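Structure record follows, encoded as structure tokens.
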Amino acid sequence: MQLAVLVIYLAALFTPWLFVRHQHRTAYLMALVPAALTVWFAMHIPEVAAGATLVQEFQWVPGLDISFTMVLDGLSLMFALLICGIGTFVVLYAGAYLKGNAAQNRFLVVLLAFMGSMLGLVLADNLITLFVFWELTSITSYLLIGFNHQSAEARKAALQGLIVTVAGGLALLAGFAMLGMMAGSFSIQEILSSSSAINQHHLYSAMLICVLLGAFTKSAQFPFHFWLPNAMAAPTPVSAYLHSATMVKAGIYLLARLQPELGGTQLWIVVLTTFGAVTMLTGAFMAIRSTDLKKLLAYSTVMALGTLTLLLGIGTELAMLAFAAYLLAHSLYKGALFMLAGIVDHEAGSRDVTELGGLRKNLPLTALLVGVAALSLAGIPPLFGFVAKELLLESMLDGAFHSFIYVLVMVASIFVVTVASVIALRPFFGAFKAPKEREKIHEPPVAMLVGPVILVILSLFAGLMPALAGGWITQPASNAVAGFTVEGYLALWHGLNLPLLLSAISIAAGLVLFKYWDAARSKMKVLDPIVARGPERGYFWFMDAIVWVAEWQTRKLQNGSMRNYMRTIVLVFVGLTGYTLLTRYQLHWNWDVSLYFHEFIAVGILVAAGGAACLTHSRLGSVAAMGAVGFSVALIFILFSAPDLGITQILIETLTVILLVLVLFRLPSFSNISTTRERIRDAAVALLAGVLITFLIMITIDVQLFEPISGYMIENSYPLAHGRNIVNVILVDYRALDTLGEIFVLALAAMGVYAMIKFNPETSPGANHYAGTLILPKKELNEKDIVHSLEEIHQKMLEEQNIVTAGSDNDSDDEADEDPYTTDRDEQNGDDQESDNREPRS
């Protein structure tokens, strides 16, 4: 299974190379990869249907309990078949749909990378590995949605989808961290088989909320549903793949995977049923207000995702059967409908159903496929959508839920029938109407029809033989979601019962609403102000707030003042550390410190040098004082039996002082740029930091939380690192990366110092240009000197302007015979020259 994921990534890696030789036919070659994987996964159907769970272990970071283990059970098998099967059709479709597009190779690379990420997500057993693939799907979907990056709409939709899903991903990571801590493992199989009652843990509510936030943002649950319809700015192959069977169902997959362990609690049931029902109704309501084919399908997808969440919240055995059946049915008909909508747009030149009509004569096969797939969307027999809808209504009646939920389900069912009718009838029946001429509209290439044909046939076949589809696909998935063997079966006919009656009512009411759809849409426009103030407005408010906060903190904290940066850093450090010290630890310290006289002298020199560095007005004096601080520290190292460290300190300090002197002697003396009040404030901040550090040192003298590491270094320096100088071993072996980083820092600092030494403003390029740097003498200037300097600069500007103007005049004379417009330019240049030669005003 790990190899299956790797193969898709390798296919993405080789795509650009193949595209150079085969152009759009590369898509047909790449389609062989997911097709072969579909066959490989299908070979495991009998084994998984018999109740087996295939596990292939691979350790990734065992020290952190992170593995690359893959698991194939009923749920992951159904998703793997959908990802690879529909992915095959989408890759074929993209080859013909984007034929002639110069960026088709880039599209195929990202599409295959997304496919591999999605496959890894549904097969992963480790929570951290699942999260890695989760974020990879967010990144690749961002690239796919924004494929037409020249379009502002596409860029905006891609960024919106990325921000919403990645924000949810951060919450999901926190939830996974808590779940792993609660269960004692990041392995999903171990979590599901754990004997510990996770739902009784005190962190259960916080963990569940974080996980649900991640799942809801990914699967477009209310109030995060708005990013999905906006993502229709992506090319049709993206919509057909990401927004029907894969990415938007990632959150649904996660909830289904964790259902056996996290489900069944009051919090789980209330949250999932409430948000699922509201999302279902919101999607259906927004769909009947839309006229764009892809928006109609997108909002109906939101409705379906809400339905799946609702079924997981119900949690009964019948609901688990309905969940698996509804998920499979939706993937089949929605993938076909998205691709068919792309065909209509590709051939007729529009997706707006109000601009289309009578296309069945030009697109007879497309019209037939749309009609059959729409029947499954509406839940009309003998399509598989009818079987799933019957189970949905029956599971609602089977559960003990408030009648308000029943009403929402029925209203959504009526709206969906209307949407299906609009999709199937408006573009293809009635008088001909399309932006393109009728003669130019024809059936698309075979590669664009293969996917819809097979998906519609599978939907019809599963509806006619639901027992076969249930026994092989949906029943094992239901068992994996429930955590035990679910009793039940799929059938096309259950007799005359209440679910059948409710289904008939919804179909009849939906057809009546379709008849008056135009009038209903007009009346719904009164709700536009409310819809405009929906959750998406909150998203834009949030983004505006981020910009406002960024501007505020930049203005206050990052205003270009180094003193302000240092003061803020020190105050935050003192505040956080001091608060922790006062509230969590008892202030006790040992003042029994014995010092010799010469040690007092060394410390006194250190303190005096530090004070001198702060108070002196000379840069060289400040450097000398800081050098004295460094040499005092070296002296302390030597006094406390670290002569090698002291020698190193002396060498570094000497080099630093020399380099600083070479640079700073070119600069003028210090100037007072702060008031006395500001200097007192800064001194107080510095004093606070010093007092805090002193307290920390005195408190930690007698604190020994762990065994000192020095013993290990002394014992192993020679046996392991083959060095007798322990300090050198620490620098070049134990802390080699740290030392390497310090070397880089010193090298960069040395290059900067060298550049400053070599830089001479008087001889640098552009120094004589009027826009160059004005080098003023170090002596204090009076008003007369300043006026004289400015007059000299202005005279240089006039001279350079005259040189440039004369050059342009000569060029114009040479080209006068060739360019009839040269005379006008010469006259203009002459005017400019006259204006430049005027006497400057004082």
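To be explicit about the labels: the chains of the structure tokens are called A, B, and onward in the order shown, and within each one the residues are counted from 1, while ligands get numbers from 1 in the order they are shown.
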Item checked: Contacts of Glu355 in chain A within 9 Å, only C-alpha atoms, excl. fewer than 2 positions in-chain, as a list in words -> Ser350, Arg351, Asp352, Val353, Gly357, Pro427, Lys433, Ala434 and Pro435 of chain A
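For Met713 in chain A, the residues within 10 Å (counting only C-alpha atoms, excluding itself and residues fewer than 6 positions away along the chain) are Leu720, Ala721, Ile726, Val727, Val729, Ile730 and Tyr734 of chain A.
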Go ahead and write the selection's residues with N, CA, C and O atoms as a PDB file, in the first residue's frame.
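New file selection-v6.pdb:
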ATOM      1  N   LEU A 720      33.922   7.643  22.468  1.00  0.00           N
ATOM      2  CA  LEU A 720      33.013   7.845  21.348  1.00  0.00           C
ATOM      3  C   LEU A 720      33.533   8.866  20.338  1.00  0.00           C
ATOM      4  O   LEU A 720      33.390   8.687  19.123  1.00  0.00           O
ATOM      5  N   ALA A 721      34.112   9.965  20.833  1.00  0.00           N
ATOM      6  CA  ALA A 721      34.542  11.037  19.934  1.00  0.00           C
ATOM      7  C   ALA A 721      36.051  11.059  19.710  1.00  0.00           C
ATOM      8  O   ALA A 721      36.540  11.873  18.918  1.00  0.00           O
ATOM      9  N   ILE A 726      37.786  17.917  26.296  1.00  0.00           N
ATOM     10  CA  ILE A 726      36.338  17.746  26.385  1.00  0.00           C
ATOM     11  C   ILE A 726      35.603  18.935  25.767  1.00  0.00           C
ATOM     12  O   ILE A 726      34.576  18.772  25.094  1.00  0.00           O
ATOM     13  N   VAL A 727      36.133  20.144  25.963  1.00  0.00           N
ATOM     14  CA  VAL A 727      35.475  21.325  25.389  1.00  0.00           C
ATOM     15  C   VAL A 727      35.477  21.244  23.872  1.00  0.00           C
ATOM     16  O   VAL A 727      34.472  21.531  23.208  1.00  0.00           O
ATOM     17  N   VAL A 729      35.593  18.558  22.079  1.00  0.00           N
ATOM     18  CA  VAL A 729      34.659  17.500  21.689  1.00  0.00           C
ATOM     19  C   VAL A 729      33.222  18.009  21.728  1.00  0.00           C
ATOM     20  O   VAL A 729      32.413  17.719  20.835  1.00  0.00           O
ATOM     21  N   ILE A 730      32.917  18.787  22.739  1.00  0.00           N
ATOM     22  CA  ILE A 730      31.561  19.350  22.826  1.00  0.00           C
ATOM     23  C   ILE A 730      31.278  20.235  21.626  1.00  0.00           C
ATOM     24  O   ILE A 730      30.205  20.182  21.018  1.00  0.00           O
ATOM     25  N   TYR A 734      29.489  16.832  20.037  1.00  0.00           N
ATOM     26  CA  TYR A 734      28.189  16.848  20.706  1.00  0.00           C
ATOM     27  C   TYR A 734      27.295  17.971  20.185  1.00  0.00           C
ATOM     28  O   TYR A 734      26.098  17.795  19.990  1.00  0.00           O
TER      29      TYR A 734
END
Next item on the list: Determine, counting only C-alpha atoms, which protein, DNA and RNA residues have an atom within 9 Å of an atom of Ser205 in chain A; residues of the same chain fewer than 5 positions away are not included. Present the result as a PyMOL selection string.
Entry: chain A and resi 199+210+267
Create the file for the chosen residues now, containing all heavy atoms and written as a short mmCIF file (atom, residue, chain, number, x, y, z; two decimals), in the first residue's frame.
data_model
loop_
_atom_site.label_atom_id
_atom_site.label_comp_id
_atom_site.auth_asym_id
_atom_site.auth_seq_id
_atom_site.Cartn_x
_atom_site.Cartn_y
_atom_site.Cartn_z
N ASN A 199 -13.89 8.69 25.89
CA ASN A 199 -14.99 9.65 26.04
C ASN A 199 -15.24 10.03 27.50
O ASN A 199 -16.08 10.89 27.77
CB ASN A 199 -16.26 9.11 25.40
CG ASN A 199 -16.63 7.73 25.91
OD1 ASN A 199 -16.12 7.28 26.93
ND2 ASN A 199 -17.49 7.04 25.17
N CYS A 210 -11.81 20.25 18.59
CA CYS A 210 -10.71 20.50 17.66
C CYS A 210 -10.79 19.59 16.45
O CYS A 210 -10.60 20.03 15.30
CB CYS A 210 -9.38 20.30 18.38
SG CYS A 210 -8.99 21.58 19.60
N LEU A 267 -22.43 14.86 23.24
CA LEU A 267 -21.81 15.95 22.50
C LEU A 267 -21.68 15.59 21.03
O LEU A 267 -21.98 16.40 20.14
CB LEU A 267 -20.44 16.27 23.11
CG LEU A 267 -19.65 17.39 22.43
CD1 LEU A 267 -20.40 18.72 22.50
CD2 LEU A 267 -18.25 17.53 23.08
#
Item checked: All alpha helix (DSSP H) positions in range 81-192 of chain A, as a ChimeraX atom specification -> /A:81-97,104-123,127-145,152-183,188-192
Checklist line | Nearest to Leu318 in chain A by atom-to-atom distance, counting only C-alpha atoms, from A:Ile457, A:Val486, A:Leu659, A:Ile163 | finding: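 Of A:Ile457, A:Val486, A:Leu659, A:Ile163, the one nearest Leu318 in chain A is A:Val486, counting only C-alpha atoms.
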Select from range 225-314 of chain A every residue with an atom at most 10 Å from any atom of range 70-89 of chain A, then for each give the shortest pair of atoms and their distance in Å to one decimal, using only C-alpha atoms, rows by chain and rising number, as a tab-separated table.
residue	atom	partner	partner_atom	distance
A:Pro237	CA	A:Phe89	CA	9.3
A:Ala240	CA	A:Ile86	CA	8.7
A:Tyr241	CA	A:Gly87	CA	6.7
A:Leu242	CA	A:Gly87	CA	9.5
A:Ser244	CA	A:Ile86	CA	9.5
A:Ala245	CA	A:Leu82	CA	6.6
A:Thr246	CA	A:Ile83	CA	6.2
A:Met247	CA	A:Ile83	CA	9.6
A:Lys249	CA	A:Phe79	CA	9.2
A:Ala250	CA	A:Phe79	CA	9.5
A:Tyr253	CA	A:Leu75	CA	8.1
A:Ala256	CA	A:Leu75	CA	8.3
A:Arg257	CA	A:Leu75	CA	7.8
Item checked: Nearest candidate to Ala624 in chain A (options A:Glu653, A:Glu551, A:Asp292, A:Glu599; using only C-alpha atoms) -> A:Glu653
Note to self: Using only C-alpha atoms, which protein or nucleic acid residues come within 10 Å of range 474-476 of chain A? Drop anything in the same chain fewer than 6 positions from it, and give the result as a count of residues only.
What the structure shows: 32
Notebook entry, point to check: Looking at only C-alpha atoms, which of A:Pro62, A:Gly711, A:Gly379, A:Gly313 is the one that sits closest to Leu393 in chain A?
Noted result: A:Gly379
Margin query: Would you pick out the contacts of Thr273 in chain A at 9 Å or less, using only C-alpha atoms, so that residues sharing its chain but fewer than 5 positions from it are not included, and give the list as a ChimeraX atom specification?
Written below: /A:268,278,306-307,309-314,405
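Around Val248 in chain A, within 10 Å and counting only C-alpha atoms, the residues found are Ala215, Phe216, Thr217, Lys218, Ser219, Ala220, Gln221, Leu228, Tyr241, Leu242, His243, Ser244, Ala245, Gly251, Ile252, Tyr253, Thr301, Val302 and Leu305 of chain A, once anything fewer than 3 positions away on its own chain is removed.
Take the candidates A:Met524, A:Ala336, A:Gly621, A:Leu740 and check each one against Ile454 in chain A using only C-alpha atoms; the shortest distance goes to A:Ala336.
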Next item on the list: Apply DSSP to the structure's backbone, then extract all residues of range 20-130 of chain A labelled strand (DSSP E) and return them as an NGL selection string.
Entry: :A and (54-56 or 59-61 or 66-67 or 70-72)
Skipping near chain neighbours, those fewer than 6 positions away, what residues fall within 12 Å of Ala102 in chain A using only C-alpha atoms, listed as an mmCIF file with C-alpha atoms, in the first residue's frame?
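Wrote it out as out.cif, contents follow:
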data_model
loop_
_atom_site.group_PDB
_atom_site.id
_atom_site.type_symbol
_atom_site.label_atom_id
_atom_site.label_comp_id
_atom_site.auth_asym_id
_atom_site.auth_seq_id
_atom_site.Cartn_x
_atom_site.Cartn_y
_atom_site.Cartn_z
ATOM 1 C CA PRO A 16 6.796 16.931 -17.248
ATOM 2 C CA PHE A 19 4.714 15.881 -21.689
ATOM 3 C CA VAL A 20 7.631 17.184 -23.724
ATOM 4 C CA GLN A 23 1.863 16.662 -25.174
ATOM 5 C CA HIS A 24 -1.836 16.211 -24.248
ATOM 6 C CA GLY A 95 -6.315 15.394 -21.329
ATOM 7 C CA LEU A 108 -1.372 16.919 -14.355
ATOM 8 C CA PHE A 147 -4.779 26.837 -11.791
ATOM 9 C CA ASN A 148 -6.015 29.773 -13.879
#
Item checked: For Pro444 in chain A, the nearest of the candidates A:Val456, A:Leu3, A:Cys614, A:Leu365, counting only C-alpha atoms -> A:Leu365
Next item on the list: Report the distance between CA of Leu557 in chain A and CA of Val691 in chain A in Å, rounded to one decimal place.
Entry: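 One can read the CA of Leu557 in chain A to CA of Val691 in chain A distance as 24.5 Å.
Our summary of the geometry notes that CA of Phe338 in chain A is positioned 22.3 Å from CA of Leu159 in chain A.
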